[in-house]
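What follows is one structure encoded as structure tokens, with my remarks underneath.
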Amino acid sequence: IVIVFFFFFYAGYFSNYLSLFSIYGIFLWPLMLLIFSITTELITKNHTQKIILFIQILYKYFSVFAISVIWFFVALGPTISATLYGQQFIYSGTLLQYGAPFIIFNMLIVINFWFLAGMGKAKERVFVIVAGLLINIVMNMVSILVFKGWLYGVVLATGMSWIVMFWMSLSIIRKAYVIIYNRWFM
């Protein structure tokens with residue numbers, strides 16, 4: 001959508017934003033890959049209380065990690081962008097500042113998807129992804145065509161679709177397990 005509506009000029013800023021946004025994954029993905037194997041083992045052994053405890057621990061500590069990444073990106077977004085890509089790409093860092101608050105939902109979606117995979121809920125995962133994609137496309141089109149939101153609107157639309165995907169996937173998990181998200185821990 002970005003390339004079609006904004007041509008290659010803004011697509012460069014947007015692609016740099018996406019690469020900056022993915023930096024935290026270097027630290028996160030090795031640990032996230034363990035979640036699926038642990039989840040599958042707990043589910044096959046039907047350890048309901050351990051599953052609930054595991055989900056709650058993951059939510060707590062990944063949320064704390066996400067909040068630290070959010071603050072880092074909000075405080076230093078343009079500086080990181082200028083350091084990695086040069087002064088002409090500071091706009092990518094500004095986009096990073098707008099997208100950073102949604103990192104927490106991105107991380108929690110990954111956790112939820114691993115649990116859904118462990119539960120054998122492949123169809124539900126696909127439904128959540130399709131719903132999130134459709135919401136993202138509609139919100140991007142509204143942002144671009146109606147509100148002339150440019151890239152800020154694209155970033156915010158993506159974040160909003162992640163919020164919807166998080167809540168949809170969490171509601172599917174909550175049908176099997178009673179999960180309480182401890183907001184006070186944050």
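Residue numbers start at 1 in each chain; chains themselves are named A, B, ... in the order of the structure tokens; ligands are numbered from 1 in the order shown.
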message: Just want the 10 Å neighbourhood of segment 20-29 of chain A, counted on only C-alpha atoms, with same-chain residues fewer than 5 positions away dropped. Output as a list in words.
response: Phe14, Ser15, Leu34, Ile35, Phe62, Phe65, Ala66, Val69, Ile70, Phe73, Gly77, Ile80, Ser81, Leu84, Tyr85, Ser92, Gly93, Leu95, Leu96, Gln97, Gly99, Ala100, Ile103, Met107 and Val110 of chain A
Could you make a table, as CSV, of the residues of segment 29-122 of chain A that have an atom within 6 Å of an atom of segment 154-174 of chain A, each with its nearest atom pair and distance in Å to one decimal, counting only C-alpha atoms, in chain and number order?
```
residue,atom,partner,partner_atom,distance
A:Gly99,CA,A:Val155,CA,5.7
A:Phe102,CA,A:Gly159,CA,5.3
A:Phe105,CA,A:Ile163,CA,5.9
A:Ile109,CA,A:Phe166,CA,5.1
```
task: May I have the residues within 6 Å of segment 112-123 of chain A as a VMD selection string, using only C-alpha atoms and disregarding those fewer than 2 positions away in the same chain?
output: chain A and resid 36 39 to 40 109 to 110 125 to 126
Dump of all heavy atoms for the selected residues, as an mmCIF file, in the first residue's frame:
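In the end it all went to result_16.cif:
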```cif
data_model
loop_
_atom_site.group_PDB
_atom_site.id
_atom_site.type_symbol
_atom_site.label_atom_id
_atom_site.label_comp_id
_atom_site.auth_asym_id
_atom_site.auth_seq_id
_atom_site.Cartn_x
_atom_site.Cartn_y
_atom_site.Cartn_z
ATOM 1 N N PHE A 36 6.948 -22.219 22.100
ATOM 2 C CA PHE A 36 6.117 -23.221 21.432
ATOM 3 C C PHE A 36 6.363 -24.619 21.990
ATOM 4 O O PHE A 36 5.420 -25.356 22.272
ATOM 5 C CB PHE A 36 6.349 -23.203 19.927
ATOM 6 C CG PHE A 36 5.563 -24.246 19.194
ATOM 7 C CD1 PHE A 36 4.188 -24.153 19.095
ATOM 8 C CD2 PHE A 36 6.193 -25.324 18.607
ATOM 9 C CE1 PHE A 36 3.449 -25.106 18.428
ATOM 10 C CE2 PHE A 36 5.467 -26.290 17.943
ATOM 11 C CZ PHE A 36 4.096 -26.181 17.853
ATOM 12 N N THR A 39 5.001 -24.810 25.558
ATOM 13 C CA THR A 39 3.542 -24.772 25.500
ATOM 14 C C THR A 39 2.973 -26.109 25.049
ATOM 15 O O THR A 39 2.033 -26.627 25.654
ATOM 16 C CB THR A 39 3.081 -23.669 24.534
ATOM 17 O OG1 THR A 39 3.614 -22.433 24.959
ATOM 18 C CG2 THR A 39 1.585 -23.581 24.466
ATOM 19 N N THR A 40 3.533 -26.664 24.007
ATOM 20 C CA THR A 40 3.043 -27.932 23.478
ATOM 21 C C THR A 40 3.175 -29.041 24.516
ATOM 22 O O THR A 40 2.258 -29.852 24.697
ATOM 23 C CB THR A 40 3.819 -28.312 22.199
ATOM 24 O OG1 THR A 40 3.708 -27.233 21.274
ATOM 25 C CG2 THR A 40 3.270 -29.571 21.571
ATOM 26 N N ILE A 109 1.030 -10.721 20.830
ATOM 27 C CA ILE A 109 0.430 -11.492 19.735
ATOM 28 C C ILE A 109 1.269 -12.730 19.444
ATOM 29 O O ILE A 109 0.741 -13.821 19.255
ATOM 30 C CB ILE A 109 0.293 -10.638 18.450
ATOM 31 C CG1 ILE A 109 -0.814 -9.616 18.593
ATOM 32 C CG2 ILE A 109 0.034 -11.517 17.237
ATOM 33 C CD1 ILE A 109 -0.817 -8.582 17.478
ATOM 34 N N VAL A 110 2.569 -12.566 19.431
ATOM 35 C CA VAL A 110 3.457 -13.704 19.163
ATOM 36 C C VAL A 110 3.271 -14.772 20.237
ATOM 37 O O VAL A 110 3.163 -15.964 19.933
ATOM 38 C CB VAL A 110 4.926 -13.243 19.074
ATOM 39 C CG1 VAL A 110 5.860 -14.425 18.974
ATOM 40 C CG2 VAL A 110 5.121 -12.309 17.893
ATOM 41 N N ARG A 125 -6.076 -19.159 14.384
ATOM 42 C CA ARG A 125 -4.937 -18.267 14.098
ATOM 43 C C ARG A 125 -5.095 -17.604 12.738
ATOM 44 O O ARG A 125 -4.870 -16.408 12.593
ATOM 45 C CB ARG A 125 -3.623 -19.052 14.116
ATOM 46 C CG ARG A 125 -3.081 -19.328 15.484
ATOM 47 C CD ARG A 125 -1.831 -20.147 15.424
ATOM 48 N NE ARG A 125 -0.789 -19.490 14.651
ATOM 49 C CZ ARG A 125 0.430 -19.967 14.516
ATOM 50 N NH1 ARG A 125 0.763 -21.092 15.085
ATOM 51 N NH2 ARG A 125 1.325 -19.321 13.812
ATOM 52 N N VAL A 126 -5.469 -18.405 11.744
ATOM 53 C CA VAL A 126 -5.665 -17.859 10.401
ATOM 54 C C VAL A 126 -6.782 -16.822 10.418
ATOM 55 O O VAL A 126 -6.665 -15.755 9.799
ATOM 56 C CB VAL A 126 -5.953 -18.986 9.386
ATOM 57 C CG1 VAL A 126 -6.383 -18.422 8.046
ATOM 58 C CG2 VAL A 126 -4.735 -19.880 9.236
#
```
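Restricting the calculation to only C-alpha atoms, the smallest distance between Phe54 of chain A and any of A:Ile111, A:Ile144, A:Leu151, A:Ala82 is found for A:Ile111.
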message: Rounded to one decimal, what separation in Å do you get between atom CA of Thr94 of chain A and atom CA of Leu133 of chain A?
response: 24.0 Å
task: Point out the residue among A:Leu18, A:Leu108, A:Thr79, A:Gln88 with the least atom-to-atom distance to Tyr181 of chain A, counting only C-alpha atoms.
output: A:Leu108
